[in-house]
Amino acid sequence: MAKVRGAIVVDVEKCKGCEVCIPACPTDVIALAKEVNGKGYHYAYMEDPEACIGCSNCAIVCPDGVITVYKVKL
Amino acid sequence: MAKVRGAIVVDVEKCKGCEVCIPACPTDVIALAKEVNGKGYHYAYMEDPEACIGCSNCAIVCPDGVITVYKVKL
Amino acid sequence: MSELKLMKGNEALAEAAIRAGADAYFGYPITPQSEVIEYLMAEKPFDRTGMVVLQAESEIAAINMVYGAAGAGKKVMTSSSSPGISLKQEGISYIAGAELPCLYANVVRGGPGLGTIQPSQADYFQSTKGGGHGDYRQIVLAPASVQEMADFVRDGFDLAFKYRIPVLILSDGVIGQMMEKVDLFDPIPRLTDDEINEKYPWATTGKKSGTERRIITSLDLDSHKMEEHNHKLQAKYKEITEKEVRYELIDCDDAEYIFVAYGSSARIAQKAVKLARAKGIKAGLFRLITLFPFPSVKMFEMCGKGIKGFLAVEMSAGQMVEDVRLAVKGCSKVEHYGRYGGIVHTPEEVLEALEQKIIGG
Amino acid sequence: MSELKLMKGNEALAEAAIRAGADAYFGYPITPQSEVIEYLMAEKPFDRTGMVVLQAESEIAAINMVYGAAGAGKKVMTSSSSPGISLKQEGISYIAGAELPCLYANVVRGGPGLGTIQPSQADYFQSTKGGGHGDYRQIVLAPASVQEMADFVRDGFDLAFKYRIPVLILSDGVIGQMMEKVDLFDPIPRLTDDEINEKYPWATTGKKSGTERRIITSLDLDSHKMEEHNHKLQAKYKEITEKEVRYELIDCDDAEYIFVAYGSSARIAQKAVKLARAKGIKAGLFRLITLFPFPSVKMFEMCGKGIKGFLAVEMSAGQMVEDVRLAVKGCSKVEHYGRYGGIVHTPEEVLEALEQKIIGG
Amino acid sequence: MTEELIIAGFGGQGVLSMGKILAYSGIMQDQEVSWMPSYGPEMRGGTANVTVIVSDERISSPILTIFDSAIILNQQSMDKFESGVRPGGTLLYDPNGITRHPERKDINIFQVEAARLAAEMGNTKIFNMVVLGAYLKIKPVVKMENVIRGLKKSLPERYHKLIPLNEDAINMGLKNVIAVQELQ
Amino acid sequence: MTEELIIAGFGGQGVLSMGKILAYSGIMQDQEVSWMPSYGPEMRGGTANVTVIVSDERISSPILTIFDSAIILNQQSMDKFESGVRPGGTLLYDPNGITRHPERKDINIFQVEAARLAAEMGNTKIFNMVVLGAYLKIKPVVKMENVIRGLKKSLPERYHKLIPLNEDAINMGLKNVIAVQELQ
Amino acid sequence: MAEITLEDIIKPENLVYTKTKLMTDKVLSYCPGCGHGTAHRITMEVIEELGLEEQTIGVAPVGCSVLAYEFMNIDMQQAAHGRAPAVATGIKRVWPKKIVFTYQGDGDLAAIGTNETIHACNRGENIVIIFINNGIYGMTGGQMAPTTLPGMKSSTSPFGRDVQTMGNPLKATELVAQLPGTYFVTRQSVHTPGNVRKTKKAIKKAFENQRDGKPGVSFVEIVSNCNSGWKMTPRDSNVWMEENMFPFYPLGDIKVDGQLL
Amino acid sequence: MAEITLEDIIKPENLVYTKTKLMTDKVLSYCPGCGHGTAHRITMEVIEELGLEEQTIGVAPVGCSVLAYEFMNIDMQQAAHGRAPAVATGIKRVWPKKIVFTYQGDGDLAAIGTNETIHACNRGENIVIIFINNGIYGMTGGQMAPTTLPGMKSSTSPFGRDVQTMGNPLKATELVAQLPGTYFVTRQSVHTPGNVRKTKKAIKKAFENQRDGKPGVSFVEIVSNCNSGWKMTPRDSNVWMEENMFPFYPLGDIKVDGQLL
Ligand SMILES: Cc1ncc(C[n+]2csc(CCOP(=O)(O)OP(=O)(O)O)c2C)c(N)n1
Ligand SMILES: Cc1ncc(C[n+]2csc(CCOP(=O)(O)OP(=O)(O)O)c2C)c(N)n1
Ligand code: SF4
Ligand code: SF4
Ligand code: SF4
Ligand code: SF4
Ligand code: SF4
Ligand code: SF4
Ligand SMILES: [Mg+2]
Ligand SMILES: [Mg+2]
């Protein structure tokens with residue numbers, strides 16, 4: 001059975017920690033970091049990177065367009 | 001059979017000779033005078049006074065409100 | 001009973017409207033004066049005094065609501081900031097033409113166009129010469145403190161009704177946004193319907209049968225009547241010019257140099273006077289309170305008495321300075337200083353300008 | 001090929017727009033200038049040159065259509081009369097702030113408010129000091145003949161694009177409604193799309209991939225940048241003041257008394273000069289062509305040379321007279337004469353005013 | 001030569017176009033002209049008047065309150081403009097519909113029964129051309145050939161076939177003007 | 001006495017209301033006060049600052065570019081306002097989140113760990129009161145009793161029950177201010 | 001039957017119709033045959049019949065009816081072009097117990113004044129709007145209005161309204177009927193006695209609604225001729241109106257008691 | 001199965017989604033979680049995908065999106081408050097082959113700009129209007145908008161919108177759908193991936209309509225959060241939006257290919 005793996009790259013300095021991406025992820029990949037970025041925002045990161053399927057949902061809803069998505073077919 | 005007779009009084013100087021009253025009269029009472037009033041308008045008058053039934057139609061449609069209507073039951 | 005409060009200029013204006021017995025406020029939000037309508041809505045003046053507050057669909061609607069309510073004898077006002085005030089110009093010209101009393105405030109921001117939301121005084125010409133069309137004037141009051149933002153609402157309404165004229169409170173982002181203590185005047189009750197009918201026989205409140213109807217209009221297709229009407233307006237403006245000039249002279253008695261300023265620039269210039277005096281320069285401040293009528297007579301009178309020069313200090317590229325020049329009629333040096341486009345000059349800059357443009361110039 | 005015609009001022013303006021290669025006219029009817037759009041619609045300029053003519057839903061829509069089309073590099077204009085021009089003030093301030101070239105005409109009628117539809121010159125302040133908000137100026141051309149109603153369209157567009165500034169043709173009911181012979185200038189072809197892209201790199205015509213996008217805006221939230229922008233505007237106005245002043249001196253060489261006038265008042269004053277000369281009074285006429293820039297330098301220069309007084313003749317309660325006063329700086333007597341509210345003064349009245357206010361006064 | 005004229009009557013009489021043709025005629029002979037209508041809502045069915053100046057010199061004010069000549073075509077205009085004729089000047093009127101005739105003693109007064117004449121010619125629309133003819137008889141400020149050229153200029157091409165009719169009307173006016181009072 | 005102060009941080013830290021309480025306290029002891037916020041879109045989640053003047057005399061300009069004291073609550077404000085403190089003046093800051101500490105040698109510098117202290121008190125909302133306490137320790141421009149009266153005035157009635165908590169926070173600030181650099 | 005003379009009939013006791021006292025004696029400034037006059041008169045008749053003379057404040061627009069205040073013998077205000085609904089809102093809000101109405105042309109109400117119209121109607125101001133739709137700007141000399149029919153000539157559409165370049169006509173009345181703030185919306189005419197009677201009933205209903213505090217605007221459109229602007233005789237213009245305007249602007253109630261029909 | 005590292009995945013050849021080049025690199029000035037950003041981005045994606053970059057001129061309003069020109073990497077004009085449809089009309093009329101769109105908030109489009117909106121839509125200007133309805137004036141600090149729901153709090157309706165005194169909310173989109181000059185009218189949202197995809201499709205259809213010369217305005221409303229103005233966290237605001245805004249402003253197409261659904 002074809003399996004896919006995905007990964008996202010968050011532009012940490014531009015992320016505003018709005019959390020909109022979090023409920024958009026079907027596989028609960030994303031969480032906010034404990035740390036803040038230069039603007040003082042807790043930024044998004046892949047808490048569970050294994051689970052990412054590269055569906056782009058998170059990137060599509062991110063108001064600030066700070067998520068880039070990659071995907072490979074295994 | 002009750003019969004009615006009507007009569008209209010046109011405020012000649014204020015009549016603008018627009019003829020709107022003419023088609024409104026069910027009994028073809030009204031015509032425009034050959035003469036003009038002070039403003040140069042051929043004014044309305046009862047050409048066939050006998051025919052007037054005092055229905056007020058003419059007065060009701062006269063844009064300038066220059067017709068007064070009287071009626072008697074015979 | 002009067003009340004001491006710490007308030008923003010915009011809030012003081014709003015609170016004063018309620019206390020002045022205003023019947024209605026119609027407005028549309030715009031920075032830096034949205035606190036006016038926000039304060040009013042939060043204060044529920046409809047419960048406090050019965051005053052109506054309505055957020056209109058636009059500035060144009062608001063000024064025309066003011067026209068209607070003013071024409072019906074009520075105490076009404078609106079407020080906005082520069083672009084919104086430009087939109088009201090037709091309405092203001094109508095109000096002036098129809099001789100209706102009303103009050104409005106312009107909390108000026110930097111222009112032209114959308115500009116910035118920072119303070120400016122670049123709407124002086126629009127306010128004093130008539131941004132709308134036709135020969136009309138309005139009384140322009142320039143508050144320089146939160147206290148005056150409150151007091152001038154009461155005074156403005158009084159003048160508006162005394163002369164049946166629009167009165168403009170020309171404020172700016174500094175005065176509108178700053179907080180100061182303000183001693184709020186005692187509430188004045190709103191007029192009852194009967195009082196309105198008695199005091200303002202010209203107001204359209206529904207004509208009593210058998211009496212003459214009242215008409216509020218600025219139209220006359222007969223040019224001769226229109227000219228007469230214009231003469232009447234001009235006579236009124238002349239009377240206002242003779243009777244209603246207001247200003248404040250600060251440290252002017254022995255002054256050789258005079259700053260002429262209004263609103264927030266006057267506060268800054270006042271500090272510049274201090275700095276100047278500390279340096280041994282005999283500076284004074286001619287603070288304008290009414291911009292129309294302009295205190296030309298007093299200014300001309302002063303310029304005979306040892307004044308070596310006037311520096312018009314305003315946050316604009318030079319507008320009020322023209323009225324200063326017209327007032328002194330060439331008998332004294334007059335220069336302009338001011339930063340603009342949303343920048344507020346400092347007392348130090350003002351003093352330096354005096355030294356360079358007047359003393360050294 | 002130029003063409004001799006008998007035309008109304010308003011028609012000449014419209015015809016000149018087509019000939020000047022205008023790309024679009026957006027307007028809303030109002031007396032006494034509705035002939036402009038009527039003429040254009042009847043002439044089908046869309047067939048003649050491809051020019052667009054659109055009757056907008058309001059004056060505000062019209063001026064903002066002008067903004068859009070001008071921002072896209074096109075030659076566009078609008079026209080209206082006093083109340084309609086007041087409504088355009090926000091838009092004009094935006095156009096000035098965004099530095100867009102455009103032409104608009106005000107065929108002034110008597111105010112304030114709805115006023116009369118008869119001629120007036122009471123929108124001088126609004127035109128020259130800025131009826132909108134913020135520190136901006138526009139070039140103001142005052143035609144005194146049907147010929148100039150045509151020529152100033154061409155010249156006005158040239159100036160508008162040279163300085164990226166709104167240009168106002170300040171006319172009045174007399175000039176707009178009268179017919180005179182007019183020698184129509186040869187048609188100037190409309191620019192092609194490529195020419196526009198080449199000549200006006202600032203225009204938003206769709207950005208070529210890989211190039212910088214173009215932005216038309218009057219906003220800057222950073223006050224420092226806004227101040228810089230304002231300095232740039234002021235520098236432009238200064239340049240215009242130095243380079244673009246236009247006026248006409250009639251019988252001024254040996255004159256002791258000068259009428260200062262523009263537009264239809266200038267024609268009347270010219271007749272008053274004749275009447276005066278016939279009486280042995282050495283009168284002359286300083287006819288203003290540009291109201292902004294105002295020919296202050298020339299006027300000041302003249303007042304040293306044996307001039308005993310200036311009479312500002314305008315159909316208003318006294319607006320232009322302030323600029324005359326500012327120009328002569330107290331070195332000569334300056335008085336105002338004018339009827340207003342829709343009444344046009346006669347040459348005889350003008351002469352009488354000279355005798356009473358200047359010679360006898 | 002400068003002729004300062006008012007033509008006054010009511011809307012529909014062709015007052016404005018008569019003035020326009022006269023002005024065009026002036027242009028045809030290289031004169032300066034101005035044409036200034038009264039405008040406004042009173043035009044709507046009400047009075048209409050226009051002042052025309054034809055001159056050898058540049059025209060200063062197009063607005064007149066005193067006239068060399070007045071052409072008056074209804075009573076209201078008579079009431080309004082009789083007094084504005086310069087002493088020694090000329091007043092031409094159509095007596096049809098006039099209840100109070102001119103009373104001035106210091107001006108020349110002429111009549112033309114233009115309404116009647118036009119009706120007799122079978123076309124009330126040429127009324128104004130009859131009046132024009134009468135006026136030109138008294139005040140030949142423009143040559144007839146230039147009037148025809150002026151007519152051509154001011155009429156759209158499709159109406160040029162009407163020019164002979166207009167010419168006839170002008171001639172009718174020329175022939176039928178009556179002096180009521182001539183000074184000296 | 002005149003104290004010209006800036007309080008600068010970001011929106012949500014209570015910068016504006018701290019200034020307001022201070023100003024109210026000044027009023028309570030019959031002083032002149034002014035409070036002038038920066039306003040505009042940059043307020044939206046971004047920086048917020050307010051200048052407060054407390055004085056025995058009438059206040060002329062409410063706009064300051066040089067300050068007797070500066071209370072600085074984030075890095076951006078440090079970058080912007082450190083240089084504006086008058087030589088000999090005072091800078092108070094919360095080191096939490098500060099990456100570049102003040103470098104001036106000609107001013108007095110104090111710290112208060114208000115964020116930490118407020119968190120320890122279990123209520124991050126009283127952060128600004130801790131800062132206020134620290135400031136009043138260094139610059140007792142208003143008496144504590146008047147601060148409490150000022151608080152009462154500036155808080156709506158329904159929040160008056162929180163006044164003791166605020167008082168505790170102020171005291172916490174008073175006690176925990178640390179001098180980093182004191183002139184002389 | 002005895003001969004009866006006119007003198008016998010024309011006696012005060014036999015009077016059946018005369019102009020209402022709430023019209024002044026001034027000669028109407030309208031062109032001969034213009035519907036404005038009739039619309040004025042029946043509005044005033046309604047106010048008289050409802051006994052509202054002392055409570056009513058009217059608002060005149062800019063348009064041919066700009067001088068309505070010269071003819072309507074009640075307290076009146078003249079509003080800037082298009083702003084009558086805002087002016088009326090201002091009056092009604094400060095005098096909620098008074099009766100306030102606007103009287104507006106189609107240029108006034110549906111071109112420059114669209115915003116004020118829509119928002120007064122959407123807010124549900126308790127006012128009456130009388131809307132004279134003659135498909136043209138009468139006052140200024142017959143320019144195209146938002147309501148000018150496709151193909152219809154005017155001085156700014158001299159070859160007929162070209163919908164492609166000049167846009168579609170606007171059915172302002174259908175539009176405001178969609179808004180929750182209108183309570184009664186109808187379209188009528190005043191060119192025949194029957195229509196006048198119907199229109200008067202509609203106007204009466206409108207004022208009754210306001211008097212009774214029914215929520216929202218009562219909006220009465222009257223399709224009317226502008227014979228001058230249309231360049232027709234009054235009689236022809238009324239025929240043309242029936243044949244051309246009514247199909248596009250059908251007469252009848254559109255919304256009654258707050259319910260769309 | 002061999003372990004795969006992130007480095008293996010994050011390679012240019014595996015890229016499936018990145019921000020379009022037609023967005024600039026500037027940090028968006030919007031509050032965290034505000035839908036404006038998403039709406040900007042998908043609009044620009046559509047323009048990129050349709051290859052319209054060089055033909056398109058955008059018009060930014062006055063509102064939070066006043067700075068749209070800072071973020072959209074195409075030629076842009078900033079319009080006066082409410083006048084974007086007039087500005088767009090001006091551009092489109094003189095450059096009929098270009099693609100012109102406005103991007104406007106609810107205060108801009110449905111309060112002060114109602115007249116320009118209605119008339120551009122009624123004339124049938126061949127433009128796209130993107131309408132961000134967040135039920136509030138975001139930019140100026142959360143005042144009541146024409147679209148604010150009954151009972152909803154804002155800084156000028158601090159006790160909730162009282163329909164009685166403040167008027168009804170305006171459904172601008174339903175209104176313009178009634179006009180003959182609109183060709184495509186739809187209401188969408190951008191708060192979930194599914195909605196973003198749908199909205200992007202709608203925006204694409206809108207621009208295709210214009211490109212293909214389909215007659216009239218294509219109008220896309222996006223119901224969006226203003227978490228700052230509503231005083232909620234972004235996530236809460238999206239939930240609140242679903243529960244409160246959508247029932248009043250139901251999502252879906254309203255008019256397609258010139259036909260009301
Ligand atoms: C601001 C402004 N714009 C334009 C005008 C000119 N104007 C006067 S009336 C009118 C249109 C009138 O048409 P309508 O409302 O249909 O009324 P009608 O005359 O047809 O009854 C216009 C455009 C004006 N007076 N003020
Ligand atoms: C003529 C004018 N009036 C008012 C304003 C102030 N103003 C700026 S944005 C705005 C409302 C913005 O609300 P909306 O259009 O809903 O956009 P949002 O910020 O919610 O996206 C207002 C009233 C202005 N700039 N110009
Ligand atoms: S949606 Fe975007 S901005 Fe918001 S938290 Fe996620 S990555 Fe950050
Ligand atoms: S790409 Fe899909 S699976 Fe991966 S983080 Fe984003 S939403 Fe989750
Ligand atoms: S309708 Fe009236 S004005 Fe017209 S002709 Fe008849 S009476 Fe005269
Ligand atoms: S009252 Fe009736 S019958 Fe008599 S004239 Fe009038 S319309 Fe005819
Ligand atoms: S122009 Fe038209 S609307 Fe105006 S009065 Fe004449 S007919 Fe009536
Ligand atoms: S204020 Fe509202 S609309 Fe504006 S950016 Fe913030 S969340 Fe978005
Ligand atoms: Mg009409
Ligand atoms: Mg919004």
# chains A, B, ... in the order shown; residues from 1 in each chain; ligands from 1

call {"tool": "interface_residues", "arguments": {"of": "chain C", "to": "chain G", "cutoff": "7 Å", "atoms": "only C-alpha atoms", "output": "PDB file with N, CA and C atoms, in the first residue's frame"}}
result
ATOM      1  N   ASP C  23     -29.241  67.159  22.044  1.00  0.00           N
ATOM      2  CA  ASP C  23     -30.356  66.260  21.749  1.00  0.00           C
ATOM      3  C   ASP C  23     -29.923  65.070  20.911  1.00  0.00           C
ATOM      4  N   ALA C  24     -28.864  65.255  20.136  1.00  0.00           N
ATOM      5  CA  ALA C  24     -28.460  64.142  19.281  1.00  0.00           C
ATOM      6  C   ALA C  24     -27.025  64.282  18.818  1.00  0.00           C
ATOM      7  N   VAL C  52     -30.126  61.300  21.708  1.00  0.00           N
ATOM      8  CA  VAL C  52     -30.056  60.269  20.671  1.00  0.00           C
ATOM      9  C   VAL C  52     -28.614  60.143  20.167  1.00  0.00           C
ATOM     10  N   GLU C  57     -24.430  55.758   8.308  1.00  0.00           N
ATOM     11  CA  GLU C  57     -23.783  54.924   7.306  1.00  0.00           C
ATOM     12  C   GLU C  57     -22.578  55.605   6.681  1.00  0.00           C
ATOM     13  N   ALA C  61     -24.093  61.116   5.370  1.00  0.00           N
ATOM     14  CA  ALA C  61     -25.377  60.888   6.022  1.00  0.00           C
ATOM     15  C   ALA C  61     -25.401  61.608   7.367  1.00  0.00           C
ATOM     16  N   ASN C  64     -25.966  65.306   7.165  1.00  0.00           N
ATOM     17  CA  ASN C  64     -27.324  65.618   6.725  1.00  0.00           C
ATOM     18  C   ASN C  64     -28.367  65.256   7.774  1.00  0.00           C
ATOM     19  N   MET C  65     -28.065  64.292   8.607  1.00  0.00           N
ATOM     20  CA  MET C  65     -28.918  64.043   9.775  1.00  0.00           C
ATOM     21  C   MET C  65     -28.846  65.245  10.714  1.00  0.00           C
ATOM     22  N   VAL C  66     -27.639  65.789  10.853  1.00  0.00           N
ATOM     23  CA  VAL C  66     -27.471  66.989  11.667  1.00  0.00           C
ATOM     24  C   VAL C  66     -28.312  68.124  11.087  1.00  0.00           C
ATOM     25  N   TYR C  67     -28.254  68.272   9.775  1.00  0.00           N
ATOM     26  CA  TYR C  67     -29.054  69.314   9.113  1.00  0.00           C
ATOM     27  C   TYR C  67     -30.530  69.162   9.481  1.00  0.00           C
ATOM     28  N   GLY C  68     -31.029  67.954   9.326  1.00  0.00           N
ATOM     29  CA  GLY C  68     -32.445  67.719   9.586  1.00  0.00           C
ATOM     30  C   GLY C  68     -32.819  68.014  11.027  1.00  0.00           C
ATOM     31  N   ALA C  69     -32.039  67.469  11.941  1.00  0.00           N
ATOM     32  CA  ALA C  69     -32.362  67.648  13.358  1.00  0.00           C
ATOM     33  C   ALA C  69     -32.189  69.100  13.782  1.00  0.00           C
ATOM     34  N   ALA C  72     -34.929  71.193  12.809  1.00  0.00           N
ATOM     35  CA  ALA C  72     -36.101  70.966  13.645  1.00  0.00           C
ATOM     36  C   ALA C  72     -35.861  71.493  15.064  1.00  0.00           C
ATOM     37  N   THR C 204     -38.659  73.777  12.165  1.00  0.00           N
ATOM     38  CA  THR C 204     -39.747  72.983  11.601  1.00  0.00           C
ATOM     39  C   THR C 204     -40.121  71.875  12.568  1.00  0.00           C
ATOM     40  N   THR C 205     -41.104  72.160  13.384  1.00  0.00           N
ATOM     41  CA  THR C 205     -41.521  71.165  14.371  1.00  0.00           C
ATOM     42  C   THR C 205     -42.971  70.757  14.133  1.00  0.00           C
ATOM     43  N   GLY C 206     -43.490  71.104  12.985  1.00  0.00           N
ATOM     44  CA  GLY C 206     -44.917  70.866  12.709  1.00  0.00           C
ATOM     45  C   GLY C 206     -45.648  72.175  12.919  1.00  0.00           C
ATOM     46  N   LYS C 207     -46.249  72.684  11.846  1.00  0.00           N
ATOM     47  CA  LYS C 207     -46.811  74.036  11.924  1.00  0.00           C
ATOM     48  C   LYS C 207     -48.194  74.026  12.577  1.00  0.00           C
ATOM     49  N   LYS C 208     -48.383  74.908  13.486  1.00  0.00           N
ATOM     50  CA  LYS C 208     -49.722  75.077  14.079  1.00  0.00           C
ATOM     51  C   LYS C 208     -50.673  75.555  12.994  1.00  0.00           C
ATOM     52  N   SER C 209     -51.851  74.968  12.959  1.00  0.00           N
ATOM     53  CA  SER C 209     -52.845  75.335  11.957  1.00  0.00           C
ATOM     54  C   SER C 209     -53.111  76.836  12.020  1.00  0.00           C
ATOM     55  N   ARG C 213     -46.177  78.506   7.772  1.00  0.00           N
ATOM     56  CA  ARG C 213     -45.297  77.337   7.828  1.00  0.00           C
ATOM     57  C   ARG C 213     -43.853  77.788   7.888  1.00  0.00           C
ATOM     58  N   ARG C 214     -42.984  76.937   8.423  1.00  0.00           N
ATOM     59  CA  ARG C 214     -41.552  77.217   8.507  1.00  0.00           C
ATOM     60  C   ARG C 214     -40.840  76.442   7.403  1.00  0.00           C
ATOM     61  N   ILE C 215     -39.882  77.079   6.783  1.00  0.00           N
ATOM     62  CA  ILE C 215     -39.152  76.442   5.704  1.00  0.00           C
ATOM     63  C   ILE C 215     -37.659  76.537   5.998  1.00  0.00           C
ATOM     64  N   ILE C 216     -36.998  75.420   5.930  1.00  0.00           N
ATOM     65  CA  ILE C 216     -35.539  75.398   6.058  1.00  0.00           C
ATOM     66  C   ILE C 216     -34.987  75.162   4.663  1.00  0.00           C
ATOM     67  N   THR C 217     -34.292  76.141   4.133  1.00  0.00           N
ATOM     68  CA  THR C 217     -33.737  75.977   2.787  1.00  0.00           C
ATOM     69  C   THR C 217     -32.538  76.895   2.594  1.00  0.00           C
TER      70      THR C 217
END

call {"tool": "residues_around", "arguments": {"residues": "Ile175 of chain D", "least_positions_apart": "2", "cutoff": "8 Å", "atoms": "only C-alpha atoms", "output": "MDAnalysis selection string"}}
result
chainID D and resid 8:10 143:146 149 171:173 177:178 263:264

call {"tool": "atom_distance", "arguments": {"atom1": "atom CA of Gln75 of chain E", "atom2": "atom CA of Glu4 of chain E"}}
result
21.2 Å

call {"tool": "interface_residues", "arguments": {"of": "chain B", "to": "chain G", "cutoff": "10 Å", "atoms": "only C-alpha atoms", "output": "JSON, numbers by chain"}}
result
{"B": [5, 6, 7, 8, 9, 13, 14, 15, 16, 17, 18, 19, 20, 21, 22, 23, 24, 25, 41, 49, 50, 54, 55, 56, 57, 58, 59, 60, 61, 62, 63, 64, 65, 66, 67, 68, 69, 70, 71, 72, 73, 74]}

call {"tool": "residues_near_ligand", "arguments": {"ligand": "ligand 7", "cutoff": "6 Å", "atoms": "only C-alpha atoms and all ligand atoms", "output": "list in words"}}
result
Tyr30, Cys31, Cys34, Cys64, Gly138, Met139, Cys226, Asn227, Ser228 and Gly229 of chain G

call {"tool": "write_last_selection", "arguments": {"atoms": "N, CA, C and O atoms", "output": "mmCIF file, in the first residue's frame"}}
result
data_model
loop_
_atom_site.group_PDB
_atom_site.id
_atom_site.type_symbol
_atom_site.label_atom_id
_atom_site.label_comp_id
_atom_site.auth_asym_id
_atom_site.auth_seq_id
_atom_site.Cartn_x
_atom_site.Cartn_y
_atom_site.Cartn_z
ATOM 1 N N TYR G 30 -44.276 73.505 -11.955
ATOM 2 C CA TYR G 30 -44.071 72.372 -12.861
ATOM 3 C C TYR G 30 -44.572 72.655 -14.261
ATOM 4 O O TYR G 30 -45.430 73.505 -14.468
ATOM 5 N N CYS G 31 -44.036 71.910 -15.204
ATOM 6 C CA CYS G 31 -44.496 72.024 -16.583
ATOM 7 C C CYS G 31 -45.973 71.609 -16.644
ATOM 8 O O CYS G 31 -46.429 70.801 -15.829
ATOM 9 N N CYS G 34 -47.394 67.862 -15.731
ATOM 10 C CA CYS G 34 -46.427 67.061 -14.968
ATOM 11 C C CYS G 34 -47.095 66.451 -13.743
ATOM 12 O O CYS G 34 -47.817 67.129 -13.011
ATOM 13 N N CYS G 64 -36.958 68.641 -9.727
ATOM 14 C CA CYS G 64 -38.028 69.589 -10.022
ATOM 15 C C CYS G 64 -38.834 69.915 -8.778
ATOM 16 O O CYS G 64 -39.343 71.007 -8.626
ATOM 17 N N GLY G 138 -35.478 65.554 -14.531
ATOM 18 C CA GLY G 138 -36.286 66.618 -15.099
ATOM 19 C C GLY G 138 -35.641 67.978 -14.909
ATOM 20 O O GLY G 138 -35.414 68.729 -15.851
ATOM 21 N N MET G 139 -35.314 68.277 -13.674
ATOM 22 C CA MET G 139 -34.851 69.601 -13.267
ATOM 23 C C MET G 139 -33.703 70.147 -14.097
ATOM 24 O O MET G 139 -33.686 71.314 -14.467
ATOM 25 N N CYS G 226 -42.430 62.828 -17.339
ATOM 26 C CA CYS G 226 -41.714 64.090 -17.440
ATOM 27 C C CYS G 226 -41.838 64.469 -18.895
ATOM 28 O O CYS G 226 -40.969 64.160 -19.711
ATOM 29 N N ASN G 227 -42.987 65.080 -19.211
ATOM 30 C CA ASN G 227 -43.255 65.340 -20.628
ATOM 31 C C ASN G 227 -42.210 66.250 -21.252
ATOM 32 O O ASN G 227 -41.837 66.075 -22.405
ATOM 33 N N SER G 228 -41.691 67.206 -20.463
ATOM 34 C CA SER G 228 -40.632 68.075 -20.997
ATOM 35 C C SER G 228 -39.387 67.281 -21.329
ATOM 36 O O SER G 228 -38.811 67.413 -22.403
ATOM 37 N N GLY G 229 -38.971 66.477 -20.385
ATOM 38 C CA GLY G 229 -37.748 65.703 -20.582
ATOM 39 C C GLY G 229 -37.915 64.650 -21.663
ATOM 40 O O GLY G 229 -36.973 64.343 -22.393
#

call {"tool": "residues_near_ligand", "arguments": {"ligand": "ligand 2", "cutoff": "9 Å", "atoms": "only C-alpha atoms and all ligand atoms", "output": "PyMOL selection string"}}
result
(chain C and resi 28-32+34+58-59+80-87+114+117) or (chain D and resi 90) or (chain H and resi 36+61-66+80-82+104-112+132-147+226+229)

call {"tool": "interface_residues", "arguments": {"of": "chain E", "to": "chain B", "cutoff": "12 Å", "atoms": "only C-alpha atoms", "output": "PyMOL selection string"}}
result
chain E and resi 9-11+45-47+74-76+96-99
